[in-house]
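The structure file entry.csv is reproduced below (CSV, C-alpha atoms).
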```csv
chain,number,residue,atom,x,y,z
Z,40,THR,CA,-20.3,2.0,-16.2
Z,41,GLU,CA,-23.3,4.0,-15.1
Z,42,VAL,CA,-24.1,1.4,-12.3
Z,43,PHE,CA,-20.4,1.4,-11.4
Z,44,GLU,CA,-20.7,5.2,-10.8
Z,45,LEU,CA,-23.6,4.4,-8.4
Z,46,PHE,CA,-21.4,1.8,-6.7
Z,47,MET,CA,-18.7,4.3,-6.1
Z,48,GLU,CA,-21.2,6.9,-4.8
Z,49,ARG,CA,-23.1,4.6,-2.4
Z,50,ASN,CA,-20.5,2.1,-1.3
Z,51,ARG,CA,-19.0,3.2,2.0
Z,52,ALA,CA,-15.2,3.1,1.5
Z,53,SER,CA,-12.1,5.0,2.5
Z,54,GLU,CA,-10.7,7.8,0.3
Z,55,ALA,CA,-7.9,5.5,-0.8
Z,56,ARG,CA,-10.3,2.8,-1.8
Z,57,VAL,CA,-12.5,5.2,-3.7
Z,58,ARG,CA,-9.4,6.3,-5.7
Z,59,HIS,CA,-8.8,2.6,-6.6
Z,60,TYR,CA,-12.5,2.3,-7.7
Z,61,LYS,CA,-12.1,5.4,-9.9
Z,62,VAL,CA,-9.0,3.9,-11.6
Z,63,VAL,CA,-11.0,0.8,-12.4
Z,64,TRP,CA,-13.9,2.9,-13.7
Z,65,ARG,CA,-11.6,4.7,-16.1
Z,66,MET,CA,-10.1,1.4,-17.3
Z,67,LEU,CA,-13.6,0.0,-18.0
Z,68,ARG,CA,-14.5,3.2,-19.9
Z,69,ARG,CA,-11.4,3.1,-22.0
Z,70,TYR,CA,-12.1,-0.6,-22.7
Z,71,GLU,CA,-15.6,0.2,-23.9
Z,72,LEU,CA,-14.5,3.0,-26.2
Z,73,TYR,CA,-11.5,1.2,-27.6
Z,74,ASN,CA,-13.5,-2.0,-28.3
Z,75,ARG,CA,-16.6,0.0,-29.4
Z,76,VAL,CA,-18.8,-1.9,-27.0
Z,77,VAL,CA,-21.2,-1.0,-24.1
Z,78,LEU,CA,-20.7,-3.2,-21.1
Z,79,LYS,CA,-24.1,-4.6,-19.9
Z,80,PHE,CA,-24.8,-7.0,-17.1
Z,81,ASP,CA,-26.7,-9.4,-19.4
Z,82,ASP,CA,-23.7,-9.6,-21.8
Z,83,PHE,CA,-21.1,-10.2,-19.2
Z,84,THR,CA,-19.5,-13.7,-19.2
Z,85,ALA,CA,-16.3,-15.3,-18.0
Z,86,ASP,CA,-14.9,-14.6,-21.5
Z,87,THR,CA,-15.7,-10.9,-21.1
Z,88,LEU,CA,-13.7,-10.9,-17.8
Z,89,ARG,CA,-10.7,-12.6,-19.5
Z,90,ASP,CA,-10.9,-10.0,-22.3
Z,91,ILE,CA,-10.8,-7.2,-19.8
Z,92,GLU,CA,-7.9,-8.8,-18.0
Z,93,ALA,CA,-6.0,-9.0,-21.3
Z,94,PHE,CA,-6.8,-5.3,-21.9
Z,95,LEU,CA,-5.5,-4.3,-18.5
Z,96,THR,CA,-2.3,-6.4,-19.0
Z,97,ASN,CA,-1.6,-5.1,-22.5
Z,98,GLU,CA,-3.0,-1.5,-22.4
Z,99,HIS,CA,0.5,0.0,-22.3
Z,100,THR,CA,1.2,-1.3,-25.8
Z,101,LEU,CA,-1.6,0.9,-27.2
Z,102,LYS,CA,0.2,4.1,-26.3
Z,103,GLY,CA,0.9,5.9,-29.6
Z,104,ASN,CA,-2.2,4.5,-31.3
Z,105,ARG,CA,-4.0,7.7,-32.5
Z,106,ARG,CA,-7.5,6.4,-31.7
Z,107,TYR,CA,-6.4,5.2,-28.3
Z,108,ASP,CA,-4.6,8.4,-27.5
Z,109,ARG,CA,-7.9,10.3,-28.3
Z,110,ILE,CA,-9.8,8.0,-25.9
Z,111,CYS,CA,-7.3,8.8,-23.1
Z,112,LYS,CA,-8.0,12.5,-23.6
Z,113,GLU,CA,-11.8,11.8,-23.6
Z,114,VAL,CA,-11.8,9.8,-20.3
Z,115,ASP,CA,-11.2,12.3,-17.5
Z,116,ASP,CA,-8.0,12.0,-15.5
Z,117,SER,CA,-6.6,9.1,-17.7
Z,118,ARG,CA,-2.9,8.9,-17.7
Z,119,SER,CA,-0.4,7.4,-20.1
Z,120,PRO,CA,-0.6,3.6,-19.5
Z,121,VAL,CA,2.3,1.9,-17.9
Z,122,VAL,CA,3.3,-1.8,-17.7
Z,123,ARG,CA,1.0,-3.5,-15.1
Z,124,GLY,CA,2.3,-6.4,-13.2
Z,125,GLY,CA,0.2,-9.5,-12.4
Z,126,ASN,CA,-0.5,-8.3,-8.9
Z,127,THR,CA,-1.8,-5.0,-10.1
Z,128,VAL,CA,-4.1,-6.6,-12.7
Z,129,SER,CA,-5.4,-9.1,-10.1
Z,130,SER,CA,-6.1,-6.3,-7.7
Z,131,LYS,CA,-8.2,-4.4,-10.3
Z,132,MET,CA,-10.1,-7.6,-11.1
Z,133,LYS,CA,-10.9,-8.0,-7.4
Z,134,ILE,CA,-12.4,-4.6,-7.4
Z,135,LEU,CA,-14.5,-5.5,-10.4
Z,136,ARG,CA,-15.6,-8.7,-8.5
Z,137,THR,CA,-16.6,-6.5,-5.5
Z,138,PHE,CA,-18.7,-4.4,-7.8
Z,139,PHE,CA,-20.5,-7.4,-9.2
Z,140,LEU,CA,-21.3,-8.7,-5.7
Z,141,TRP,CA,-22.6,-5.3,-4.7
Z,142,ALA,CA,-24.8,-5.3,-7.9
Z,143,LEU,CA,-26.1,-8.7,-7.1
Z,144,ASN,CA,-27.0,-7.7,-3.5
Z,145,ASN,CA,-28.7,-4.6,-4.8
Z,146,GLU,CA,-30.6,-6.4,-7.5
Z,147,TYR,CA,-29.0,-4.7,-10.5
Z,148,THR,CA,-28.3,-8.1,-11.9
Z,149,ASP,CA,-28.8,-11.8,-11.2
Z,150,LYS,CA,-25.6,-12.8,-13.0
Z,151,ASN,CA,-22.2,-13.4,-11.6
Z,152,PRO,CA,-19.6,-14.1,-14.3
Z,153,PHE,CA,-16.9,-14.6,-11.6
Z,154,ARG,CA,-18.4,-18.0,-10.8
Z,155,LYS,CA,-16.6,-19.3,-13.9
Z,156,TYR,CA,-13.6,-17.0,-13.8
Z,157,SER,CA,-10.6,-17.3,-11.4
Z,158,ILE,CA,-8.6,-14.3,-10.5
Z,159,LYS,CA,-4.9,-15.1,-10.5
Z,160,THR,CA,-3.3,-15.3,-7.1
Z,161,GLU,CA,-1.2,-12.3,-6.1
Z,162,VAL,CA,2.5,-13.1,-5.5
Z,163,TYR,CA,4.5,-11.4,-2.8
Z,164,GLY,CA,8.0,-11.9,-1.4
Z,165,THR,CA,8.9,-12.0,2.2
Z,166,PRO,CA,8.8,-8.4,3.5
Z,167,TYR,CA,12.3,-7.0,4.0
Z,168,TYR,CA,13.1,-4.6,6.8
Z,169,ILE,CA,16.1,-3.1,8.6
Z,170,THR,CA,17.5,-4.6,11.7
Z,171,LEU,CA,17.7,-2.8,15.0
Z,172,ALA,CA,21.5,-2.3,14.4
Z,173,GLU,CA,20.7,-0.8,11.0
Z,174,ARG,CA,18.1,1.5,12.4
Z,175,LYS,CA,20.6,2.7,15.0
Z,176,GLN,CA,23.2,3.2,12.2
Z,177,LEU,CA,20.7,5.4,10.3
Z,178,HIS,CA,19.7,7.3,13.5
Z,179,GLU,CA,23.3,8.1,14.4
Z,180,ALA,CA,24.5,8.9,10.8
Z,181,ASP,CA,26.0,12.4,10.5
Z,182,LEU,CA,23.7,14.3,8.3
Z,183,SER,CA,24.5,17.7,9.8
Z,184,ALA,CA,25.5,19.0,6.4
Z,185,HIS,CA,22.0,18.3,5.1
Z,186,PRO,CA,19.4,19.6,7.7
Z,187,HIS,CA,16.4,18.7,5.5
Z,188,LEU,CA,17.6,15.0,5.5
Z,189,GLU,CA,18.0,15.1,9.2
Z,190,ARG,CA,14.4,16.1,9.5
Z,191,GLN,CA,13.3,13.4,7.0
Z,192,ARG,CA,15.4,10.9,9.0
Z,193,ASP,CA,13.5,11.8,12.2
Z,194,ILE,CA,10.2,11.4,10.4
Z,195,PHE,CA,11.3,7.9,9.2
Z,196,ILE,CA,12.6,6.8,12.6
Z,197,PHE,CA,9.5,7.8,14.5
Z,198,PRO,CA,7.0,5.4,12.8
Z,199,SER,CA,9.6,2.6,13.0
Z,200,PHE,CA,8.9,2.8,16.8
Z,201,ILE,CA,5.1,3.0,16.5
Z,202,GLY,CA,4.4,1.0,13.4
Z,203,CYS,CA,1.8,3.2,11.7
Z,204,ARG,CA,1.1,3.5,8.0
Z,205,VAL,CA,2.4,6.6,6.3
Z,206,SER,CA,-1.1,7.8,5.7
Z,207,ASP,CA,-1.8,7.7,9.4
Z,208,LEU,CA,1.5,9.4,10.2
Z,209,TRP,CA,0.7,12.3,7.9
Z,210,SER,CA,-2.6,12.9,9.5
Z,211,MET,CA,-1.3,12.9,13.1
Z,212,THR,CA,-1.2,16.0,15.3
Z,213,LYS,CA,-0.1,16.8,18.8
Z,214,ALA,CA,-3.5,15.7,19.9
Z,215,ASN,CA,-2.6,12.1,19.0
Z,216,VAL,CA,-0.1,12.0,21.9
Z,217,VAL,CA,-1.9,11.1,25.1
Z,218,ASN,CA,-0.1,10.3,28.4
Z,219,GLY,CA,3.0,8.9,26.8
Z,220,PHE,CA,1.0,6.9,24.1
Z,221,VAL,CA,0.3,7.6,20.5
Z,222,GLU,CA,-3.4,7.0,19.8
Z,223,TYR,CA,-5.0,7.0,16.4
Z,224,ILE,CA,-7.8,5.3,14.4
Z,225,ALA,CA,-6.2,3.4,11.5
Z,226,ARG,CA,-7.5,5.1,8.3
Z,227,LYS,CA,-7.7,1.7,6.5
Z,228,THR,CA,-10.4,0.6,9.0
Z,229,LYS,CA,-12.3,3.8,9.5
Z,230,GLU,CA,-15.3,3.1,7.1
Z,231,ASN,CA,-15.6,-0.6,8.0
Z,232,ARG,CA,-14.8,-1.6,11.6
Z,233,PRO,CA,-12.7,1.3,13.1
Z,234,VAL,CA,-9.7,0.1,15.0
Z,235,THR,CA,-8.2,2.4,17.6
Z,236,VAL,CA,-4.4,1.8,17.9
Z,237,ARG,CA,-2.6,2.7,21.1
Z,238,VAL,CA,1.2,2.4,21.1
Z,239,PRO,CA,3.5,3.5,24.0
Z,240,LEU,CA,6.3,5.9,23.1
Z,241,ASN,CA,9.8,4.8,24.0
Z,242,ASP,CA,12.7,7.2,24.8
Z,243,VAL,CA,13.7,7.7,21.2
Z,244,GLY,CA,10.1,8.5,20.1
Z,245,LYS,CA,9.7,10.9,22.9
Z,246,SER,CA,13.0,12.6,22.1
Z,247,ILE,CA,12.0,13.1,18.5
Z,248,LEU,CA,8.7,14.7,19.5
Z,249,GLU,CA,10.5,16.9,22.0
Z,250,LYS,CA,12.8,18.1,19.3
Z,251,TYR,CA,9.9,19.4,17.3
Z,252,LYS,CA,7.6,20.5,20.1
Z,253,ASP,CA,7.8,24.1,19.0
Z,254,LEU,CA,6.3,23.6,15.5
Z,255,PRO,CA,3.4,25.9,14.9
Z,256,GLY,CA,-0.2,24.9,15.8
Z,257,GLN,CA,-0.9,21.2,16.1
Z,258,GLN,CA,1.8,20.0,13.7
Z,259,LEU,CA,3.4,16.9,15.1
Z,260,LEU,CA,6.5,16.6,12.8
Z,261,PRO,CA,7.9,18.7,9.9
Z,262,PHE,CA,6.1,16.8,7.2
Z,263,THR,CA,6.9,17.5,3.5
Z,264,SER,CA,5.3,16.0,0.4
Z,265,GLN,CA,5.3,12.2,0.5
Z,266,GLN,CA,6.9,12.0,-2.9
Z,267,GLN,CA,9.9,14.1,-1.7
Z,268,TYR,CA,10.0,12.1,1.5
Z,269,ASN,CA,10.4,8.8,-0.4
Z,270,ARG,CA,13.2,10.3,-2.5
Z,271,ASP,CA,15.0,11.5,0.6
Z,272,ILE,CA,14.7,8.1,2.3
Z,273,LYS,CA,16.7,6.5,-0.5
Z,274,THR,CA,19.3,9.3,-0.2
Z,275,MET,CA,19.7,9.1,3.6
Z,276,PHE,CA,19.9,5.3,3.5
Z,277,GLU,CA,22.8,5.5,1.0
Z,278,MET,CA,24.6,8.2,3.0
Z,279,ALA,CA,24.2,6.1,6.1
Z,280,GLY,CA,25.8,3.1,4.3
Z,281,LEU,CA,22.6,0.9,4.3
Z,282,ASP,CA,23.3,-0.7,1.0
Z,283,ARG,CA,23.1,-4.5,1.7
Z,284,ILE,CA,21.6,-6.6,-1.0
Z,285,VAL,CA,18.1,-7.9,-0.5
Z,286,THR,CA,15.9,-10.3,-2.5
Z,287,VAL,CA,12.7,-8.8,-3.8
Z,288,ILE,CA,9.9,-9.9,-6.2
Z,289,ASN,CA,9.6,-7.7,-9.3
Z,290,PRO,CA,5.9,-6.7,-9.3
Z,291,LYS,CA,5.7,-6.8,-13.1
Z,292,THR,CA,7.6,-10.0,-13.9
Z,293,ARG,CA,7.0,-11.8,-10.5
Z,294,GLU,CA,10.6,-12.9,-10.7
Z,295,GLU,CA,13.2,-12.6,-7.9
Z,296,GLU,CA,15.7,-9.7,-8.2
Z,297,LYS,CA,18.6,-8.6,-6.1
Z,298,LYS,CA,18.5,-4.9,-5.0
Z,299,ARG,CA,20.5,-2.6,-2.7
Z,300,LEU,CA,18.5,-1.7,0.3
Z,301,CYS,CA,19.1,2.0,-0.3
Z,302,ASP,CA,17.7,1.8,-3.8
Z,303,ILE,CA,14.3,0.3,-2.7
Z,304,ALA,CA,13.8,1.9,0.7
Z,305,SER,CA,10.5,3.8,1.1
Z,306,SER,CA,8.2,5.1,3.7
Z,307,HIS,CA,6.5,1.7,4.3
Z,308,LEU,CA,9.9,0.3,5.4
Z,309,ALA,CA,9.5,2.0,8.7
Z,310,ARG,CA,6.3,0.0,9.4
Z,311,ARG,CA,7.9,-3.2,8.3
Z,312,THR,CA,10.8,-2.5,10.6
Z,313,PHE,CA,8.5,-2.1,13.6
Z,314,ILE,CA,6.6,-5.3,12.8
Z,315,GLY,CA,9.6,-7.5,11.7
Z,316,ASN,CA,11.6,-6.7,14.8
Z,317,LEU,CA,8.7,-7.2,17.1
Z,318,TYR,CA,8.3,-10.7,15.7
Z,319,LYS,CA,11.7,-11.5,17.0
Z,320,GLU,CA,10.6,-10.5,20.5
Z,321,THR,CA,7.2,-12.2,20.7
Z,322,PRO,CA,5.6,-15.1,18.9
Z,323,ASP,CA,2.1,-13.8,19.6
Z,324,PRO,CA,0.7,-12.2,16.4
Z,325,ASN,CA,-2.3,-10.8,18.3
Z,326,ILE,CA,-0.1,-8.5,20.4
Z,327,ILE,CA,1.7,-7.2,17.3
Z,328,GLY,CA,-1.6,-6.8,15.4
Z,329,LYS,CA,-2.9,-4.7,18.3
Z,330,LEU,CA,0.1,-2.4,18.0
Z,331,SER,CA,0.2,-2.3,14.2
Z,332,GLY,CA,-3.5,-2.0,13.5
Z,333,HIS,CA,-3.8,-5.2,11.5
Z,334,LYS,CA,-7.1,-6.9,11.8
Z,335,GLU,CA,-7.0,-10.4,13.2
Z,336,GLY,CA,-6.2,-13.1,10.6
Z,337,SER,CA,-4.9,-10.6,8.1
Z,338,ARG,CA,-3.1,-12.3,5.3
Z,339,ALA,CA,-0.9,-9.3,4.8
Z,340,PHE,CA,0.0,-9.4,8.5
Z,341,ALA,CA,1.1,-13.1,8.1
Z,342,ARG,CA,3.6,-12.2,5.4
Z,343,TYR,CA,5.7,-10.3,8.0
Z,344,ARG,CA,6.6,-13.6,9.6
Z,345,ASP,CA,10.2,-13.8,8.5
Z,346,ILE,CA,12.0,-16.8,9.9
Z,347,ASP,CA,15.6,-15.5,9.5
Z,348,ASP,CA,18.9,-17.1,10.2
Z,349,GLU,CA,19.1,-15.7,13.7
Z,350,MET,CA,15.7,-17.0,14.7
Z,351,LEU,CA,16.5,-20.4,13.2
Z,352,THR,CA,19.8,-20.6,15.2
Z,353,ASP,CA,18.1,-19.6,18.4
Z,354,LEU,CA,15.4,-22.3,17.8
Z,355,VAL,CA,17.9,-25.1,17.1
Z,356,SER,CA,20.1,-24.2,20.1
Z,357,LYS,CA,17.1,-25.0,22.3
Z,358,LEU,CA,17.6,-28.7,21.4
Z,359,ASN,CA,21.0,-28.8,23.0
```
Render the structure in this file as structure tokens.
Amino acid sequence: TEVFELFMERNRASEARVRHYKVVWRMLRRYELYNRVVLKFDDFTADTLRDIEAFLTNEHTLKGNRRYDRICKEVDDSRSPVVRGGNTVSSKMKILRTFFLWALNNEYTDKNPFRKYSIKTEVYGTPYYITLAERKQLHEADLSAHPHLERQRDIFIFPSFIGCRVSDLWSMTKANVVNGFVEYIARKTKENRPVTVRVPLNDVGKSILEKYKDLPGQQLLPFTSQQQYNRDIKTMFEMAGLDRIVTVINPKTREEEKKRLCDIASSHLARRTFIGNLYKETPDPNIIGKLSGHKEGSRAFARYRDIDDEMLTDLVSKLN
């Protein structure tokens, strides 16, 4: 774990990525203390990786164990373990693999146990998003009795027209609006290959910014905490009647589940709405990628390709 600390210190990465690294470091430290071992490069094998994977998968079952609870207090910032889904465990093992490749390149080791260990494939469902009609329904819903929800609704509607991630939205100021365009460098790309995203504002986007033009300083929109924002999104969706049933993948069981849209709506749904509805207007992923900040060939970007019933009907009708 000492070399892992050097990896976090020297490896150029975004703040969000560093937070993920620290989570993995704490997991490894708890693994060492609970199993009474010291992880060393020379001792690492594929079996070690499988044992770490099992620890990450089952760590939540150790809560209540007196020795384990003491370990959690000993490792800074450790939180009570929760059930981790297969995708979460796979993502942590990928970070560990990134660390080993870095250690190889920097000659801390000449071993790579990942050559004989396969990380389980992450499983994702087709991204769900709201239609243009549903967005209009939300935009026109009468929330006058709840002014704070009206403001949160505006904050949600705005990125559904420009497609930014919520982390980028929260860092935007009035300076990001240039000649009728919103310009920003996607935070996810800043430390690697910075991508400048430039999206034209339509009339709705302009009207929202005009509504809040008198906010103090450079504040673009009346942002609150992201946690409160996500709670309010669910409330405003329910009040607007956006409760259709959608199929999602449970991240823990990887099984299909049926959920009401208002129960699972979150800030990222605005970005999905932008991308999903653009796909219905243009078949060129490069254009949408340029507007959304996805890098070319992104696998995450490809998941937004939702061939729905309307698109299938339009396609087949062309054979008439």
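Nearest residue to Asp115 of chain Z, choosing from Z:Asn269, Z:Ser130, Z:Arg49, Z:Lys61 and counting all atoms listed in the file: Z:Lys61.
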Query raised in the report: What is the distance between atom CA of Gln176 of chain Z and atom CA of Ala279 of chain Z, in Å to one decimal?
Result: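 Computed distance, atom CA of Gln176 of chain Z to atom CA of Ala279 of chain Z, equals 6.8 Å.
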Report task. Enter the distance from atom CA of Gly202 of chain Z to atom CA of Ile314 of chain Z, in Å, rounded to one decimal. Result ->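 We find that atom CA of Gly202 of chain Z and atom CA of Ile314 of chain Z lie 6.7 Å from each other.
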Query raised in the report: If I put a ball of radius 7 Å at (19.0, -3.1, -2.3) in the file's coordinates, which residues poke into it when counting all atoms listed in the file, written as a PyMOL selection string?
Result: chain Z and resi 282-285+297-303
Report summary line: As a check of understanding: the span from atom CA of Glu92 of chain Z to atom CA of Ser129 of chain Z is 8.3 Å
Query raised in the report: Between Z:Gly164, Z:Pro152, Z:Gly256, Z:Gly219, which one has atoms that come closest to Leu140 of chain Z, using all atoms listed in the file?
Result: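 Smallest separation from Leu140 of chain Z among the options: Z:Pro152.
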